[in-house]
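Undergrad: This is start36.cif (mmCIF, C-alpha atoms and all ligand atoms).
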```cif
data_target
loop_
_atom_site.label_atom_id
_atom_site.label_comp_id
_atom_site.auth_asym_id
_atom_site.auth_seq_id
_atom_site.Cartn_x
_atom_site.Cartn_y
_atom_site.Cartn_z
CA MET A 27 -23.82 7.27 -28.54
CA PRO A 28 -24.98 4.78 -31.20
CA ASN A 29 -26.58 1.63 -29.91
CA ASP A 30 -24.74 -1.32 -31.33
CA PRO A 31 -27.05 -4.31 -30.89
CA SER A 32 -24.02 -6.48 -30.16
CA ASP A 33 -23.18 -4.28 -27.14
CA LYS A 34 -24.10 -5.76 -23.81
CA PRO A 35 -26.18 -3.38 -21.70
CA ARG A 36 -23.92 -1.23 -19.55
CA ARG A 37 -23.92 -2.58 -16.01
CA ILE A 38 -24.57 -0.13 -13.18
CA ARG A 39 -24.39 -1.23 -9.56
CA VAL A 40 -26.52 0.62 -7.08
CA ARG A 41 -26.21 0.29 -3.32
CA ARG A 42 -28.04 1.69 -0.36
CA GLU A 43 -25.10 3.89 0.53
CA GLY A 44 -22.11 5.27 -1.29
CA PRO A 45 -21.51 5.74 -5.00
CA VAL A 46 -23.13 4.17 -8.02
CA LEU A 47 -20.63 2.01 -9.89
CA VAL A 48 -20.67 2.31 -13.68
CA GLU A 49 -18.58 0.44 -16.21
CA GLY A 50 -16.30 3.01 -17.78
CA PRO A 51 -15.35 4.95 -19.71
CA VAL A 52 -18.06 7.49 -18.91
CA GLU A 53 -18.84 11.10 -19.69
CA VAL A 54 -20.97 12.88 -17.11
CA VAL A 55 -22.77 16.01 -18.30
CA LEU A 56 -23.32 18.37 -15.40
CA GLU A 57 -26.07 20.89 -14.82
CA ASP A 58 -23.93 23.80 -16.00
CA GLY A 59 -23.34 22.07 -19.33
CA THR A 60 -19.73 21.13 -18.62
CA SER A 61 -18.79 17.48 -18.74
CA ALA A 62 -16.38 15.27 -16.86
CA VAL A 63 -14.80 12.21 -18.42
CA SER A 64 -13.33 9.17 -16.71
CA ASP A 65 -11.75 6.27 -18.55
CA ARG A 66 -11.42 3.87 -15.61
CA CYS A 67 -12.90 0.46 -16.24
CA VAL A 68 -15.10 1.02 -13.19
CA VAL A 69 -16.19 4.53 -12.25
CA ALA A 70 -17.73 5.52 -8.90
CA LEU A 71 -20.34 8.27 -9.31
CA CYS A 72 -21.04 10.30 -6.20
CA THR A 73 -24.65 10.15 -5.07
CA CYS A 74 -24.30 11.98 -1.74
CA ARG A 75 -23.21 15.27 -3.37
CA ARG A 76 -20.56 15.78 -0.72
CA SER A 77 -17.60 14.78 -2.89
CA ARG A 78 -14.89 17.36 -3.42
CA THR A 79 -14.18 15.72 -6.75
CA TYR A 80 -17.81 15.65 -7.89
CA PRO A 81 -19.14 13.83 -9.95
CA TRP A 82 -16.62 11.20 -8.82
CA CYS A 83 -16.91 9.69 -5.34
CA ASP A 84 -14.06 10.60 -2.97
CA THR A 85 -15.41 8.67 0.07
CA SER A 86 -16.89 11.84 1.62
CA HIS A 87 -20.11 9.85 2.04
CA ARG A 88 -18.54 7.92 4.94
CA HIS A 89 -19.77 8.17 8.50
CA ARG A 90 -17.62 10.17 10.88
CA ALA A 91 -17.08 9.39 14.52
CA MET B 10 12.89 10.41 -16.83
CA THR B 11 14.62 7.07 -17.03
CA ILE B 12 14.21 4.82 -14.05
CA ASP B 13 16.99 2.52 -13.00
CA GLN B 14 15.77 -1.05 -13.49
CA ARG B 15 18.85 -2.91 -12.25
CA GLY B 16 18.50 -4.48 -8.87
CA PRO B 17 19.74 -2.38 -5.96
CA ALA B 18 22.92 -3.10 -4.04
CA LEU B 19 22.65 -5.53 -1.16
CA PRO B 20 22.01 -3.59 2.06
CA ASP B 21 24.16 -3.53 5.18
CA GLY B 22 23.30 -6.09 7.84
CA ARG B 23 21.49 -4.96 11.00
CA GLY B 24 22.44 -7.92 13.19
CA GLU B 25 23.37 -11.58 13.16
CA VAL B 26 20.35 -12.84 11.20
CA SER B 27 20.30 -10.27 8.42
CA ALA B 28 24.10 -10.34 8.08
CA ALA B 29 23.96 -14.12 7.56
CA VAL B 30 21.28 -13.84 4.85
CA ILE B 31 23.16 -11.07 3.06
CA ALA B 32 26.45 -13.02 3.23
CA HIS B 33 24.65 -16.02 1.73
CA LEU B 34 23.37 -13.94 -1.18
CA ARG B 35 26.87 -12.64 -1.69
CA GLY B 36 27.91 -16.26 -2.12
CA GLU B 37 30.19 -16.34 0.89
CA GLY B 38 29.16 -19.90 1.74
CA THR B 39 28.53 -18.99 5.37
CA PRO B 40 25.64 -20.64 7.28
CA LEU B 41 22.15 -19.19 7.08
CA PRO B 42 20.19 -18.38 10.25
CA ASP B 43 18.92 -21.48 12.05
CA ALA B 44 15.91 -21.96 14.31
CA ARG B 45 17.82 -20.74 17.35
CA ALA B 46 18.83 -17.49 15.64
CA ALA B 47 15.28 -16.90 14.38
CA ALA B 48 13.80 -17.55 17.82
CA GLY B 49 16.21 -15.08 19.38
CA ALA B 50 15.36 -12.20 17.03
CA ASP B 51 12.75 -9.54 17.82
CA PRO B 52 9.97 -10.36 15.35
CA TYR B 53 9.45 -6.65 14.55
CA GLY B 54 13.07 -5.58 14.92
CA ASP B 55 15.56 -4.34 12.35
CA ASP B 56 17.50 -7.58 12.14
CA LEU B 57 14.64 -9.97 11.41
CA GLN B 58 12.68 -7.54 9.25
CA LEU B 59 15.68 -6.74 7.06
CA ALA B 60 16.56 -10.44 6.77
CA LEU B 61 13.02 -11.21 5.66
CA TYR B 62 12.99 -8.29 3.24
CA VAL B 63 16.22 -9.51 1.66
CA CYS B 64 14.79 -13.06 1.40
CA TYR B 65 11.76 -11.70 -0.50
CA GLU B 66 13.48 -9.32 -2.84
CA PRO B 67 14.73 -12.02 -5.28
CA HIS B 68 11.02 -12.58 -6.10
CA TYR B 69 10.74 -8.95 -7.25
CA ARG B 70 13.79 -7.33 -8.81
CA GLY B 71 16.68 -9.11 -7.09
CA PHE B 72 19.94 -7.48 -6.11
CA ALA B 73 22.78 -6.27 -8.30
CA GLY B 74 25.45 -8.94 -8.57
CA VAL B 75 23.28 -11.70 -7.07
CA ASP B 76 22.35 -14.71 -9.23
CA ASP B 77 18.64 -14.60 -10.18
CA ALA B 78 18.42 -18.33 -9.43
CA VAL B 79 18.78 -17.60 -5.71
CA GLU B 80 15.00 -17.00 -5.76
CA TRP B 81 14.48 -20.78 -5.52
CA ASP B 82 17.56 -21.67 -3.47
CA PRO B 83 16.22 -24.33 -1.05
CA ALA B 84 18.52 -23.27 1.78
CA LEU B 85 17.38 -19.66 1.50
CA LEU B 86 13.73 -20.75 1.38
CA ALA B 87 14.20 -22.89 4.49
CA ALA B 88 15.75 -19.98 6.41
CA ARG B 89 12.97 -17.68 5.19
CA ALA B 90 10.34 -20.10 6.51
CA LEU B 91 11.83 -19.81 10.01
CA LEU B 92 11.74 -16.03 9.87
CA GLU B 93 8.21 -16.01 8.46
CA ALA B 94 6.96 -18.27 11.24
CA ARG B 95 8.48 -15.95 13.85
CA PHE B 96 6.82 -12.90 12.23
CA LEU B 97 3.45 -14.62 11.67
CA ASP B 98 3.26 -15.98 15.22
CA ALA B 99 3.90 -12.51 16.60
CA LEU B 100 1.23 -10.97 14.38
CA ARG B 101 -1.33 -13.60 15.28
CA ARG B 102 -0.61 -12.92 18.95
CA ASP B 103 -0.46 -9.10 18.84
CA ALA B 104 -2.74 -7.90 16.05
CA ALA B 105 -5.97 -9.87 16.53
CA ARG B 106 -8.95 -7.82 17.68
CA GLY B 107 -11.40 -10.69 17.84
CA HIS B 108 -14.10 -9.51 15.47
CA GLY B 109 -15.78 -10.75 12.28
CA VAL B 110 -15.30 -9.61 8.67
CA ASP B 111 -18.22 -7.15 8.63
CA GLU B 112 -17.18 -5.54 11.88
CA ALA B 113 -13.55 -5.32 10.81
CA VAL B 114 -14.48 -3.70 7.49
CA ASP B 115 -17.01 -1.33 9.10
CA ASP B 116 -14.30 -0.14 11.49
CA LEU B 117 -12.16 0.85 8.52
CA LEU B 118 -15.03 2.77 6.94
CA VAL B 119 -15.47 5.21 9.81
CA GLU B 120 -13.48 8.41 9.45
CA PRO B 121 -12.35 9.89 12.76
CA LEU B 122 -13.38 13.54 13.21
CA HIS B 123 -10.01 14.35 14.78
CA GLY B 124 -7.51 11.90 13.41
CA THR B 125 -4.03 11.72 14.87
CA GLY B 126 -2.25 9.55 12.30
CA VAL B 127 0.77 10.43 10.24
CA SER B 128 -1.30 11.70 7.28
CA HIS B 129 -3.22 14.03 9.63
CA HIS B 130 0.06 15.34 10.99
CA LEU B 131 1.47 15.90 7.50
CA GLN B 132 -1.66 17.70 6.34
CA GLU B 133 -1.82 19.97 9.36
CA GLU B 134 1.79 20.76 10.06
CA GLY B 135 4.00 18.58 7.91
CA ARG B 136 7.24 20.13 6.81
CA LEU B 137 9.01 19.41 3.55
CA TRP B 138 11.75 17.31 5.17
CA GLN B 139 9.07 15.16 6.77
CA LEU B 140 7.30 14.68 3.45
CA ARG B 141 10.62 13.63 1.93
CA GLU B 142 11.22 11.13 4.71
CA TYR B 143 7.70 9.81 4.38
CA ALA B 144 8.20 9.30 0.65
CA ALA B 145 11.61 7.66 1.11
CA GLN B 146 10.16 5.20 3.64
CA ARG B 147 7.09 4.48 1.53
CA SER B 148 9.18 4.06 -1.63
CA LEU B 149 9.95 0.53 -0.49
CA TYR B 150 6.35 -0.30 -1.26
CA HIS B 151 5.22 2.29 -3.78
CA LEU B 152 8.02 1.57 -6.27
CA LYS B 153 6.54 -1.93 -6.47
CA GLU B 154 2.99 -0.81 -5.80
CA ALA B 155 0.40 -3.57 -6.31
CA ASP B 156 3.09 -6.10 -7.29
CA PRO B 157 2.77 -8.36 -4.22
CA HIS B 158 -0.99 -8.37 -4.67
CA ALA B 159 -0.77 -9.66 -8.24
CA TRP B 160 0.42 -13.00 -6.82
CA VAL B 161 -3.05 -13.70 -5.47
CA LEU B 162 -4.70 -13.69 -8.90
CA PRO B 163 -4.09 -17.37 -9.80
CA ARG B 164 -5.53 -18.33 -6.41
CA LEU B 165 -8.87 -16.62 -6.98
CA TRP B 166 -11.81 -17.47 -9.14
CA GLY B 167 -15.01 -15.85 -10.39
CA ARG B 168 -16.02 -12.46 -8.97
CA ALA B 169 -13.00 -12.28 -6.69
CA LYS B 170 -10.60 -12.80 -9.58
CA ALA B 171 -12.38 -10.42 -11.95
CA GLY B 172 -12.59 -7.71 -9.27
CA MET B 173 -8.98 -8.12 -8.23
CA ALA B 174 -7.82 -8.01 -11.85
CA ALA B 175 -9.86 -4.87 -12.52
CA VAL B 176 -8.24 -3.08 -9.58
CA GLU B 177 -4.76 -4.30 -10.50
CA PHE B 178 -5.29 -3.12 -14.09
CA ASP B 179 -5.89 0.36 -12.69
CA GLU B 180 -2.84 0.09 -10.39
CA PHE B 181 -0.74 -0.85 -13.39
CA GLY B 182 -1.84 2.19 -15.36
CA GLY B 183 -4.77 0.78 -17.33
CA GLY B 184 -2.44 -0.17 -20.17
CA ARG B 185 -0.40 3.05 -20.11
CA ALA B 186 3.15 2.90 -18.80
CA GLU B 187 3.19 6.53 -17.72
CA ARG B 188 0.19 5.92 -15.48
CA VAL B 189 1.47 2.86 -13.62
CA HIS B 190 1.11 3.85 -9.98
CA ALA B 191 4.70 2.86 -9.20
CA ARG B 192 5.77 5.23 -11.98
CA LEU B 193 3.57 8.03 -10.59
CA PHE B 194 5.35 7.49 -7.28
CA ALA B 195 8.76 7.74 -8.96
CA ASP B 196 7.58 11.06 -10.42
CA LEU B 197 6.56 12.17 -6.92
CA MET B 198 10.01 11.26 -5.63
CA ALA B 199 11.62 13.29 -8.40
CA ASP B 200 9.52 16.32 -7.39
CA LEU B 201 10.80 15.87 -3.84
CA GLY B 202 14.41 15.67 -4.99
CA LEU B 203 14.69 11.99 -4.06
CA ASP B 204 16.51 9.26 -5.96
CA THR B 205 13.94 7.21 -7.89
CA ALA B 206 16.13 4.10 -8.24
CA TYR B 207 14.36 0.96 -7.02
CA GLY B 208 15.59 -0.05 -3.57
CA ARG B 209 17.70 3.09 -3.16
CA TYR B 210 16.34 3.75 0.36
CA LEU B 211 16.52 0.19 1.68
CA ASN B 212 19.39 1.03 4.05
CA ALA B 213 17.54 4.13 5.21
CA ALA B 214 14.16 2.45 5.84
CA SER B 215 13.07 1.73 9.40
CA ALA B 216 12.03 -1.68 10.71
CA PRO B 217 8.34 -0.67 10.94
CA THR B 218 8.46 0.29 7.24
CA LEU B 219 10.05 -3.03 6.29
CA ALA B 220 7.41 -4.87 8.30
CA THR B 221 4.55 -3.29 6.34
CA VAL B 222 6.12 -4.46 3.07
CA ASN B 223 7.09 -7.88 4.41
CA LEU B 224 3.48 -8.55 5.34
CA MET B 225 2.46 -8.07 1.70
CA SER B 226 5.21 -10.30 0.39
CA LEU B 227 4.41 -12.95 2.97
CA CYS B 228 0.69 -13.02 2.16
CA GLY B 229 1.27 -12.66 -1.58
CA LEU B 230 3.72 -15.54 -1.86
CA HIS B 231 1.72 -18.06 0.16
CA ARG B 232 -1.46 -19.44 -1.33
CA SER B 233 -2.41 -20.55 2.18
CA LEU B 234 -2.57 -16.85 3.10
CA ARG B 235 -4.80 -15.78 0.16
CA GLY B 236 -7.58 -14.77 2.56
CA ALA B 237 -5.13 -12.64 4.53
CA LEU B 238 -3.80 -11.07 1.32
CA VAL B 239 -7.34 -10.08 0.35
CA GLY B 240 -8.00 -8.63 3.82
CA HIS B 241 -4.70 -6.80 3.70
CA PHE B 242 -5.36 -5.35 0.24
CA ALA B 243 -8.88 -4.29 1.25
CA THR B 244 -7.42 -2.41 4.21
CA LEU B 245 -5.02 -0.48 1.99
CA GLU B 246 -7.74 0.37 -0.50
CA ILE B 247 -10.38 1.34 2.06
CA THR B 248 -8.09 3.60 4.07
CA SER B 249 -6.23 5.11 1.13
CA SER B 250 -8.71 7.59 -0.30
CA PRO B 251 -9.15 9.88 2.75
CA ALA B 252 -5.45 9.59 3.66
CA SER B 253 -4.49 10.44 0.07
CA ARG B 254 -6.62 13.59 0.26
CA ARG B 255 -4.67 14.66 3.35
CA LEU B 256 -1.34 13.85 1.73
CA ALA B 257 -2.29 15.71 -1.46
CA LEU B 258 -3.04 18.77 0.68
CA ALA B 259 0.25 18.30 2.50
CA MET B 260 2.17 18.18 -0.78
CA GLN B 261 0.30 21.23 -2.05
CA ARG B 262 0.99 23.22 1.10
CA ALA B 263 4.68 22.35 1.01
CA GLY B 264 4.90 23.30 -2.67
CA ALA B 265 6.27 19.85 -3.44
CA GLY B 266 5.29 20.01 -7.11
CA PRO B 267 2.61 18.79 -9.52
CA ALA B 268 3.69 15.14 -9.72
CA ALA B 269 3.85 14.91 -5.92
CA GLU B 270 0.27 16.17 -5.72
CA LEU B 271 -0.90 14.03 -8.64
CA PHE B 272 0.15 10.76 -7.01
CA TYR B 273 -2.20 11.42 -4.13
CA THR B 274 -5.06 13.10 -6.01
CA GLU B 275 -5.08 10.11 -8.37
CA HIS B 276 -5.39 7.85 -5.32
CA VAL B 277 -8.27 9.86 -3.83
CA GLU B 278 -10.32 9.04 -6.90
CA ALA B 279 -8.95 5.62 -7.84
CA ASP B 280 -9.20 4.16 -4.36
CA ALA B 281 -12.77 5.37 -3.88
CA VAL B 282 -13.50 2.94 -6.75
CA HIS B 283 -11.07 0.26 -5.60
CA GLU B 284 -12.62 0.22 -2.15
CA GLN B 285 -16.03 -0.63 -3.61
CA VAL B 286 -14.70 -3.33 -5.89
CA VAL B 287 -12.50 -4.92 -3.23
CA ARG B 288 -15.21 -4.97 -0.58
CA HIS B 289 -18.06 -6.24 -2.69
CA GLU B 290 -16.41 -8.28 -5.42
CA VAL B 291 -13.09 -9.46 -4.00
CA ILE B 292 -13.94 -10.07 -0.32
CA GLY B 293 -17.58 -10.86 -1.17
CA GLY B 294 -16.65 -13.19 -4.02
CA LEU B 295 -13.90 -14.96 -2.09
CA LEU B 296 -16.07 -15.62 0.94
CA GLU B 297 -18.97 -16.79 -1.19
CA GLN B 298 -16.71 -19.52 -2.54
CA GLU B 299 -14.50 -20.12 0.46
CA PRO B 300 -16.43 -19.03 3.55
CA HIS B 301 -13.91 -20.81 5.79
CA LEU B 302 -11.39 -18.09 4.88
CA ALA B 303 -13.27 -15.42 6.86
CA PRO B 304 -10.87 -15.56 9.86
CA ASP B 305 -7.93 -15.18 7.46
CA VAL B 306 -9.50 -12.09 5.86
CA VAL B 307 -9.90 -10.62 9.35
CA PHE B 308 -6.30 -11.51 10.19
CA GLY B 309 -5.12 -9.68 7.05
CA ILE B 310 -7.10 -6.60 8.08
CA ASP B 311 -5.92 -6.68 11.70
CA ALA B 312 -2.28 -7.32 10.84
CA THR B 313 -2.28 -4.44 8.35
CA VAL B 314 -3.89 -2.00 10.80
CA PHE B 315 -1.45 -3.09 13.51
CA LEU B 316 1.65 -2.65 11.35
CA GLU B 317 0.45 0.58 9.74
CA ASP B 318 -0.20 2.05 13.21
CA ARG B 319 3.29 1.05 14.32
CA PHE B 320 4.73 2.63 11.16
CA GLY B 321 2.89 5.90 11.78
CA GLU B 322 3.74 6.03 15.48
CA ASP B 323 7.39 5.40 14.76
CA LEU B 324 7.53 8.30 12.29
CA LEU B 325 5.63 10.67 14.56
CA GLY B 326 7.71 9.65 17.58
CA HIS B 327 10.95 10.51 15.80
CA TRP B 328 9.59 13.77 14.41
CA ARG B 329 8.19 14.91 17.75
CA ALA B 330 11.63 14.39 19.21
CA GLY B 331 13.03 16.50 16.35
CA ARG B 332 14.84 13.51 14.90
CA SER B 333 14.91 11.84 11.50
CA SER B 334 12.86 8.65 11.14
CA LEU B 335 15.44 7.26 8.71
CA ARG B 336 18.49 5.21 9.56
CA THR B 337 20.68 7.13 7.13
CA PRO B 338 20.19 10.80 6.27
CA LEU B 339 18.75 11.95 2.95
CA ASP B 340 20.88 13.97 0.57
CA GLY B 341 19.69 17.33 -0.60
CA PRO B 342 17.56 19.95 1.06
CA ALA B 343 16.43 17.65 3.84
CA THR B 344 16.09 20.29 6.52
CA VAL B 345 14.13 22.90 4.58
CA SER B 346 11.38 23.97 6.89
CA VAL B 347 7.95 24.75 5.48
CA GLY B 348 5.02 26.01 7.47
CA PRO B 349 4.92 26.97 11.11
CA GLU B 350 6.80 24.95 13.67
CA PRO B 351 4.39 22.96 15.81
CA ASP B 352 3.84 24.64 19.17
CA SER B 353 3.86 21.50 21.22
CA ASP B 354 4.68 17.81 20.92
S1 LIG C 401 -20.99 8.94 -2.82
FE1 LIG C 401 -18.95 8.86 -2.19
S2 LIG C 401 -18.48 10.95 -1.93
FE2 LIG C 401 -20.56 11.02 -2.51
FE FE C 402 -2.40 2.70 -6.38
FE FE C 403 -5.76 1.31 -5.22
#
```
Would you give me this structure, written as structure tokens?

TA:
Amino acid sequence: MPNDPSDKPRRIRVRREGPVLVEGPVEVVLEDGTSAVSDRCVVALCTCRRSRTYPWCDTSHRHRA
Amino acid sequence: MTIDQRGPALPDGRGEVSAAVIAHLRGEGTPLPDARAAAGADPYGDDLQLALYVCYEPHYRGFAGVDDAVEWDPALLAARALLEARFLDALRRDAARGHGVDEAVDDLLVEPLHGTGVSHHLQEEGRLWQLREYAAQRSLYHLKEADPHAWVLPRLWGRAKAGMAAVEFDEFGGGRAERVHARLFADLMADLGLDTAYGRYLNAASAPTLATVNLMSLCGLHRSLRGALVGHFATLEITSSPASRRLALAMQRAGAGPAAELFYTEHVEADAVHEQVVRHEVIGGLLEQEPHLAPDVVFGIDATVFLEDRFGEDLLGHWRAGRSSLRTPLDGPATVSVGPEPDSD
């Protein structure tokens, strides 16, 4: 992706738990070479690896009781 | 698919209060409910909930044959205020769990290992007729999904406003008409052989269903309840993703069709994002600016949980007894049975 100097840096929000929030659209290239694209204006990337819709968060990171 | 955009027909009254409101909208010149009538109505019952629903509907799509100007009819607004006070007082009395914002939100974030709610039932043993009833009941909200929440935007500022607008943009399809969530729900209804016309199932909907929608309209239309609206919306967004997973599986198991599945799979993913934005930006931003609204946020959460639980219990209670949860039967293949009959309950 070309770096246009007028572009603001893409903001990524990181929290102790749960997904990383990235300003969309994003393309995530996975280990097997396939990629997943989301065009939401905010995208939640799974960090716990438990999501059934990986690489997108599906709230599987939540505590169960 | 073309979707009927004319207002629905006025519903049938369910008692003295609702009949008076409906007659007023019909222009019959009869008196509207007074304080005595409001005080005598069950705050969660069919009569009051339908009356309130009918009072709110002119702010959305109106009713066929009713003058649009009735939206700001002072007599109707005065009657509505009496009904709202009755409903609000009951909620403040019955729903409060006496906790703070963090505790209330944390409660919503814990997934029960063995849930017993209506989405758990539908995933595990839901039959097609039950999915159709669920969709018909929920259509009262989902065909205007996110509309009542848009009213809060002018009352917010800064992070809360930007976050709320970002979520609403997603709810309204991100600029694409075919992806508006209300439209995705109409597509789901079509898969289930239901009529997608706005308001078509108003006569069929139960009082607990009407109450869940009336809470949104109430909080959306009153700036004084902006904190409650935010708490309410957060509750929907936080609880939606796991419930949508269960409902997507239920639709898949029943062979309901691709659009029926898509509505819920879209919500698994979308609401995992919305939850984050609503918690951190909308609630966080609002309370940074207006910390005195914390009890209102909690009230919005508690009232939503209370009414959603009542909605689910009402559906499950009817189904366990082998009865329809709707007041009027659905047309079409309503009794098609899918999956094994439950052994007990
Ligand atoms: S971070 Fe949410 S499912 Fe993994
Ligand atoms: Fe939605
Ligand atoms: Fe949402």

Undergrad: What residues have any atom no more than 10 Å from ligand LIG 401 (chain C) when counting all atoms listed in the file, and can you list them as a PyMOL selection string?

TA: (chain A and resi 43-47+70-88) or (chain B and resi 278+281-282)

Undergrad: Find the residues of chain B in contact range of chain A, meaning any atom within 9 Å when counting only C-alpha atoms, and list them as JSON, numbers by chain.

TA: {"B": [118, 119, 120, 121, 122, 123, 175, 176, 178, 179, 183, 250, 251, 254, 277, 278, 279, 280, 281, 282, 283, 285, 286]}

Undergrad: Find the residues with any atom within 9 Å of (-11.3, -5.7, 0.1); use all atoms listed in the file and the coordinates as given in the file, and write the answer as a list in words.

TA: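 Counting all atoms listed in the file, I find these residues within 9 Å of (-11.3, -5.7, 0.1): Val114, Met173, Val239, Gly240, His241, Phe242, Ala243, Thr244, Leu245, Glu246, Ile247, His283, Glu284, Gln285, Val286, Val287, Arg288, His289, Glu290, Val291, Ile292, Gly293 and Val306 of chain B.
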
Undergrad: Could you tell me how far atom CA of Asp111 of chain B sits from atom CA of Gly167 of chain B, in Å to one decimal place?

TA: 21.2 Å

Undergrad: 7 Å from ligand FE 402 (chain C) is the threshold here; counting only C-alpha atoms and all ligand atoms, which polymer residues fall inside it? Answer as a tab-separated table (two decimals) with C-alpha atoms, in the frame of the given file.

TA:
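Written file, out-v4.tsv:
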```tsv
chain	number	residue	atom	x	y	z
B	154	GLU	CA	2.99	-0.81	-5.80
B	155	ALA	CA	0.40	-3.57	-6.31
B	180	GLU	CA	-2.84	0.09	-10.39
B	190	HIS	CA	1.11	3.85	-9.98
B	276	HIS	CA	-5.39	7.85	-5.32
```

Undergrad: Let me know the centre plus edge lengths, in Å and rounded to one decimal, of a box with edges along x, y and z that contains all listed atoms of segment 58-65 of chain A and is padded by 4 Å on every side, as lines of an AutoDock Vina configuration file.

TA:
```
center_x = -17.8
center_y = 15.0
center_z = -17.7
size_x = 20.2
size_y = 25.5
size_z = 11.3
```

Undergrad: In the coordinate frame of the file, compute which residues have an atom within 9 Å of (7.0, -8.9, 0.0) when using all atoms listed in the file, and state them as an MDAnalysis selection string.

TA: chainID B and resid 61:62 64:66 68:69 150 156:157 221:230

Undergrad: Record the distance separating atom CA of His108 of chain B and atom CA of Ala312 of chain B, expressed in Å with one decimal.

TA: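 So the answer is 12.9 Å.
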
Undergrad: One decimal, Å: what's the distance from atom CA of Leu19 of chain B over to atom CA of Arg35 of chain B, could you say?

TA: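 Separation of atom CA of Leu19 of chain B and atom CA of Arg35 of chain B: 8.3 Å.
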
Undergrad: For each of B:Leu137, B:Leu339, B:Ala99, B:Ala174, take the minimum atom-to-atom distance to ligand FE 403 (chain C), counting all atoms listed in the file, then give the residue where this is smallest.

TA: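 Of B:Leu137, B:Leu339, B:Ala99, B:Ala174, the one nearest ligand FE 403 (chain C), counting all atoms listed in the file, is B:Ala174.
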
Undergrad: So which residues touch Asp43 of chain B within 9 Å, counting only C-alpha atoms, skipping near sequence neighbours fewer than 2 positions away, as an MDAnalysis selection string?

TA: chainID B and resid 26 40:41 45:48 88 91

Undergrad: Smallest atom-to-atom distance to ligand FE 403 (chain C): which of B:Glu134, B:Asp196, B:Glu275, B:Glu187, using only C-alpha atoms and all ligand atoms?

TA: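 Comparing B:Glu134, B:Asp196, B:Glu275, B:Glu187 against ligand FE 403 (chain C), the winner is B:Glu275.
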
Undergrad: Determine the nearest neighbour of ligand FE 403 (chain C) from the options B:Arg262, B:Arg209, B:Arg106, B:His151, counting all atoms listed in the file.

TA: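 That would be B:His151, the residue with the smallest distance to ligand FE 403 (chain C).
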